[in-house]
Structure formats: structure tokens, C-alpha cells
There are 2 protein chains.
Amino acid sequence: MLTTYIYGAGDIRVQEVTKPTIRHSTDALIRVVRSCICGSDLHHFHNFPATPDSPKQMGHEFIGIVEEIGTDVSTINVGDFVIAPFAISCGTCGFCHEGLYTSCVSGTFWGRGEVGGAQAEYVLSPFADGTLVVVPGITEDSELLPSLLTLSDVYGTGYHAAKCAQVGPGDEVVVIGDGAVGLLAVLSAKQLGAQNIILMGSHQARTDLGREFGATHVVSERGDVGIAAVRALTQNNQGASKVLEAVGHLPAYEQALGVVRAGGVISRVGVPQYEEAPVGMGALFGRNITLTGGVAPVRAYINELLPAILNGQVNPGRVFDSTISIQDVPLGYAAMDQRRALKVMIAF
Amino acid sequence: MLTTYIYGAGDIRVQEVTKPTIRHSTDALIRVVRSCICGSDLHHFHNFPATPDSPKQMGHEFIGIVEEIGTDVSTINVGDFVIAPFAISCGTCGFCHEGLYTSCVSGTFWGRGEVGGAQAEYVLSPFADGTLVVVPGITEDSELLPSLLTLSDVYGTGYHAAKCAQVGPGDEVVVIGDGAVGLLAVLSAKQLGAQNIILMGSHQARTDLGREFGATHVVSERGDVGIAAVRALTQNNQGASKVLEAVGHLPAYEQALGVVRAGGVISRVGVPQYEEAPVGMGALFGRNITLTGGVAPVRAYINELLPAILNGQVNPGRVFDSTISIQDVPLGYAAMDQRRALKVMIAF
């Protein structure tokens, strides 16, 4: 079967490997129907060290059909259509019971260690019962595949931003970032009842989709000019109570500090590309700003977000503006890196 | 009248100045009955630059009797007993209406600019209606004076830590710091229903009081040893969901990172003596830790905390272990600096 490796920055290769087989009684083997490339994959694409002897398998979002199950798998059957969250979780520990699947004590991620990546024709899932989510009645030719695929990561991650910020009816929300996660944070804020949703992004095709998802305003400027433009849209120029940061670079965090209202919340879901940041009297403490968010436990949100997809009320799959074959994955990375594509889907 | 100035690090002087008079129609003149020295005053005591020509008036906590009011003061009368929160607030702006008095758009603090400090015989209060809180029926010889004085700052600040962390019934809480704020954060967590309250502090007289306030465990070690000791007291060694940080130095923040459970909250009320701190994947993001708290809008909590003081259910005034006269304020700073006193009250 074909799978995707990264050998170093900019060096993505699709290679033939042996199709995996059940190793543990709790495993399931999935034939991948759709996978995709994530904005966070681009961090690796830019920074991954050259590792000619130990390349890393890539991809952490997929949907597919169960082909084989281990003897202890009880909630999933051969032939089921499943969504795979980007985090693998046992389903039985305290964190899993609380829905914080990304902190599962036995958890891991696709493409890490012995676990294969998801930009591949087949994926062996550990802890199949605790990880995969079955969606009954979906077939491989469903029009809903793109939207269902977003539940693997980007939709749940955008939703996590909004949930951690406790977005609710009437709220004034700023979303920083017009990538797939930012746009789905807009959609999530809209679904949770936000009144004004200001999207900060400079790529018009993306911000146009953001408007369709519910953004009431778009601010394309960055830095101090962007901050002033956002504040001018908020009550008394005081900023917004809820700021969803979906980029991960330090300037986006600084942007968030600039647009958040005293007493407000900055909710981060963009993977931070920094470790230290301002949090003292001037940044957070003096104005009682709460900093929340993190690696989204998307599995916790799948059942909550599924109905609106199934009944056609929302179409988060619109973030996919390009579909390629597994062989063309390196081209897909390049397209996303060069911002020619918002998010690339891989069809099998 | 006598008032307290700081002229530089370690240089506290009590000096005779002209008694203030009403300047604005919204002012009230208060004869101070009790004032005190705050742990946060010690930051100035350690670091204040030498300013022989422009010393700063000190003190931001007091209770007293209204001696005179401006013509537009409507809710406060001459002779009223009042509590002065450490932040001055107009009472009419959006932030005041929301209870975030420390972000009042016209707000300031005692001892800043034209506003006098509270370690003084008289204090002129701007925005008397919006700032001061009347407590009917209290006289100058009340046994409750020390506890009422804690509502100016330390009790409300400890309570803010617990409220921001949403401490509730059954919670496992760690309080970092055995100063007055930390001890009253213990009391607050207890009042809000916390089950286990682990107090991190090394001064036994203080941690003993912490036990009386509700601490179920005391950990006197710091650093990695302290972190391990705290975690050993929590379920599965995973740390506590609610961590209240009442110190303000970076090692206390790092301590908080070490003892907080994934998905948990660090609520800071110790004034940060740092601006940058770790907040990235390793510190907060990867484990979905929320960072909250800030400068406490204590005025918002006075009516909530008052009944249990008035009916004798709680006695937060026990944090005062020393009482001095205004003339002895420099000795009071030294006693607190040398940790001979937990918190020094000034009686007039």
C-alpha cells in the first residue's frame, strides 16, 4: 500500500509499504476513504530535520471503512464507516471518561512511533473502540464525506476554540486566522449564537468563505493597524470578550492581546510555535484576561457536531478546495504551503 | 495628619501633611479606622527606585468613618462606616456594571497621582458612591474590624482566585503561597465547597492558620520535590484541577504548571513579578491548561462575603498577627519583610 513520509523540510515522499495487519486484540484495520493535509503538517514541512534513515509517516485526519478488527473490539464491526479523530485514545481512563481524549494516559497520535500516518491507503488503529467513531448509514459515495472528514480535526478544533471561550448567544467574537481551523471557528461561533464575528484574515477567497460561515466583519490588516480596525468594530473600542486564535505564531498571540476586552478570553487552538509569551501585568493579569484552549479533544465533539452535518444545516467540508490522489500528496503540500490551496483532500 | 511615603527601596517614612478636603462633588473624606500593609507593598519596599523629590504615598486597604461628602454623593452619608476596595471605580461605566471594577474606565488606585495612600489618618475618596461600600451598624470598637478590613483586598483577592478557577463542591485545589492572600484563598476554596485543599507554604505558623481555614494538606517543599509531594496527594498522581497561585514570582508559576492536572486551571492573584512565562505546547497548550485570574475586583465580592463575617461564621481577620500605630509603619514593613509578621494592621 502507499503511505506518505517526510524526510526533511520540504521533502515529502509517497512510498510503497507493507499493508499493516492486526497486532493487538483492540486494533482495527481501516481502509482509508478520504484523508487530507493539515495546516499543522506545514509546520513539519517547514521545520522537519533531515532524517534520511528515519522518516516520519504523515497525516492525522481520515475517514474510512473498517476492514478487520481484533478479537476484543466490541463497538465497531467490519464494514462500518468510521471517523478517526487526530488523537488516539483508550476510551477507558479518567481523561477519556471526561472527554479530554488528547490527555488519554495511553494515548498517542497517528504517525508517531509504531502508529502509521493517515495520508495512506490503510491505517491500523490502536484502541479502536476508544478512538474511532462509527457513523451509521454512510457509504463511500456520500456527498457528506468532506464534511465528515473535518470532524477528524479542523471542525472539532475550531469548535474547541469556541467552547473553551464559552461563546454564547449575543457574544462579540474575534477569530484570528483564515485557515481551515479559523474558518470553522467562525462557523462554530455562529452555531453557538455569537452575534458579531470579526474574522482577521488577508486571503479573500478564504475570508469570503468565512463570511458564508457567519463572519459579520473581515479585517485584513495585521499588527497595530489590524488591532485598531478590530477595536473600532467593538463596543466603545474596548475589544471583544472572546478571541479565538487559530494560527499559532507569536504575532497572532500578540494580535489576540491587542483585540481582547478586559475580562475577556483568548482561546488558542493554533499549535503554538513559541514556548514563552507575555502573560504578566501588561498582557493578561492587569486586565483579567483568561488564556485557554489547547490540543482539541475532537472526539468529544463528534456526536454534538454530526447532526447538523447529516441534515445539511452546515457544510464545513467546504474548507476543502482541492482534491488529489495519494500519489500527488507532495504536490498537495506545495499547494498549501504556497497558499494556492486552503485545504487539500486526498481521495482513494 | 500623618501619612506614609516610600522614598526608595527600604525607605518608608511617616510624615505630617495637610489633611485633604473635598475637591470634587463626588468625593468623600474618610477618617481611617484601620489600615494595613500588603504583601504587594513589599514589592515596592524591595524595588522602588530612589525618588527623593517625588516620594509615593503608600497603602491601599482601609476601613473608616465618613467625615465629609461632596454635593453629588448620594449613597453614602457622614458617619457611615465604609470599606474601601483597593481599586477606585466610578460605578457607572460598563466594566463597573459588570463588576470588573479594576478595569473601570475612570478608575485608579490609592496612592497614585493625586489620590492619597491609605496608610494615613485620612483619605479622600474619589467616586465615593462607586468605590466605597457602606456596612450599616458597625462601630469603631467592633470586634469585626480586622475581618472587615480584609474585604479591602486580601480576602476578596483570595476569593477571586477561587472564583476565577470556578472552585466548586468536591474539587481538589492546590493553593500556592502562605501569605494572607494564599490563606484566604484556602478559606475561599473551603467556602465554595472544595474537598481537598493542599496548601503549599513553608512557614508553619501560617500553614497552621491555613489548616484552620480549611487546608486538608500542607506541603512545605518547593520545586520538583514540592511538585512530586503535591501530585502524590492527588488522584492517580495527576495533579489538581484547580491551582490558585498567590505569590507572583515566576517559580510559583512554574510550581503551578507542575501541580496542575491536564484540563485544569491555574488562577493567579499574586501580582506577577515577570512579564514573559512558558505558555506553549509543554506548559499550557498540550494539556489544555487554562490560565486565569488577575487584579481582583474585590468590590464585586464584598456583599457576597460580608454575611459570613457578620454572623461569625468566618474570621478572615486572623491573618493580622500584629497591630501597630501609624508612627510605627516603617517597623511594620520591616516585620513583614523579615517574615516576623504575616500581615500588619494599623490602628488609629
# chains A, B, ... in the order shown; residues from 1 in each chain; ligands from 1

call {"tool": "residues_around", "arguments": {"residues": "Met1 of chain A", "least_positions_apart": "3", "cutoff": "6 Å", "atoms": "only C-alpha atoms", "output": "ChimeraX atom specification"}}
result
/A:16-17,19,121

call {"tool": "interface_residues", "arguments": {"of": "chain B", "to": "chain A", "cutoff": "6 Å", "atoms": "only C-alpha atoms", "output": "PyMOL selection string"}}
result
chain B and resi 272+274-280+285-286+288+290-295

call {"tool": "write_last_selection", "arguments": {"atoms": "N, CA and C atoms", "output": "compact mmCIF listing (two decimals), in the first residue's frame"}}
result
# COMPACT_ATOMS: atom_id res chain seq x y z
N PRO B 272 2.14 39.40 39.24
CA PRO B 272 3.29 38.78 38.57
C PRO B 272 4.50 39.72 38.56
N TYR B 274 6.97 39.13 36.73
CA TYR B 274 7.57 38.73 35.46
C TYR B 274 6.58 39.13 34.38
N GLU B 275 7.06 39.29 33.15
CA GLU B 275 6.11 39.57 32.08
C GLU B 275 5.97 38.35 31.16
N GLU B 276 7.09 37.71 30.84
CA GLU B 276 7.04 36.52 29.98
C GLU B 276 7.07 35.25 30.81
N ALA B 277 6.39 34.22 30.34
CA ALA B 277 6.41 32.94 31.04
C ALA B 277 6.05 31.85 30.03
N PRO B 278 6.34 30.60 30.37
CA PRO B 278 6.03 29.50 29.45
C PRO B 278 4.52 29.29 29.31
N VAL B 279 4.05 29.25 28.07
CA VAL B 279 2.62 29.05 27.80
C VAL B 279 2.40 28.13 26.60
N GLY B 280 3.49 27.56 26.05
CA GLY B 280 3.38 26.83 24.79
C GLY B 280 2.92 25.39 24.97
N PHE B 285 -0.60 24.51 26.48
CA PHE B 285 -1.39 24.12 25.33
C PHE B 285 -1.59 22.61 25.21
N GLY B 286 -0.50 21.87 25.35
CA GLY B 286 -0.58 20.43 25.13
C GLY B 286 -1.51 19.74 26.10
N ASN B 288 -4.13 21.42 27.67
CA ASN B 288 -5.38 22.18 27.83
C ASN B 288 -5.52 22.82 29.20
N THR B 290 -5.93 26.04 31.46
CA THR B 290 -6.43 27.41 31.38
C THR B 290 -5.70 28.27 32.40
N LEU B 291 -5.29 29.46 31.96
CA LEU B 291 -4.61 30.42 32.83
C LEU B 291 -5.57 31.60 33.04
N THR B 292 -5.94 31.83 34.29
CA THR B 292 -6.93 32.88 34.53
C THR B 292 -6.54 33.68 35.77
N GLY B 293 -7.45 34.52 36.24
CA GLY B 293 -7.18 35.38 37.39
C GLY B 293 -6.72 36.76 36.94
N GLY B 294 -6.23 37.53 37.90
CA GLY B 294 -5.79 38.88 37.61
C GLY B 294 -6.04 39.78 38.81
N VAL B 295 -5.96 41.08 38.55
CA VAL B 295 -6.17 42.07 39.61
C VAL B 295 -7.62 41.96 40.07

call {"tool": "residues_around", "arguments": {"residues": "Gln15 of chain A", "least_positions_apart": "5", "cutoff": "8 Å", "atoms": "only C-alpha atoms", "output": "PyMOL selection string"}}
result
chain A and resi 2-5

call {"tool": "write_last_selection", "arguments": {"atoms": "C-alpha atoms", "output": "PDB file, in the first residue's frame"}}
result
ATOM      1  CA  LEU A   2       1.037   3.640  -0.376  1.00  0.00           C
ATOM      2  CA  THR A   3       1.860   5.892   2.561  1.00  0.00           C
ATOM      3  CA  THR A   4       3.363   9.358   2.989  1.00  0.00           C
ATOM      4  CA  TYR A   5       6.694  10.113   4.617  1.00  0.00           C
TER       5      TYR A   5
END

call {"tool": "residues_around", "arguments": {"residues": "Thr21 of chain B", "least_positions_apart": "2", "cutoff": "10 Å", "atoms": "only C-alpha atoms", "output": "PyMOL selection string"}}
result
chain B and resi 18-19+23-24+27-29+68-70+122-124

call {"tool": "select_by_dssp", "arguments": {"residues": "segment 204-327 of chain A", "states": "strand (DSSP E or B)", "output": "ChimeraX atom specification"}}
result
/A:217-219,240-245,260-268,276-278,290-293,322-324

call {"tool": "closest_residue", "arguments": {"among": "B:Ile83, B:Ile302, B:Ala118, B:Ile138", "to": "Cys36 of chain B", "atoms": "only C-alpha atoms"}}
result
B:Ala118

call {"tool": "select_by_dssp", "arguments": {"residues": "segment 61-298 of chain A", "states": "alpha helix (DSSP H)", "output": "number ranges by chain"}}
result
A: 94-98, 128-131, 145-150, 154-164, 180-191, 204-213, 223-232, 250-259

call {"tool": "atom_distance", "arguments": {"atom1": "atom CA of Tyr253 of chain A", "atom2": "atom CA of Lys163 of chain A"}}
result
18.5 Å
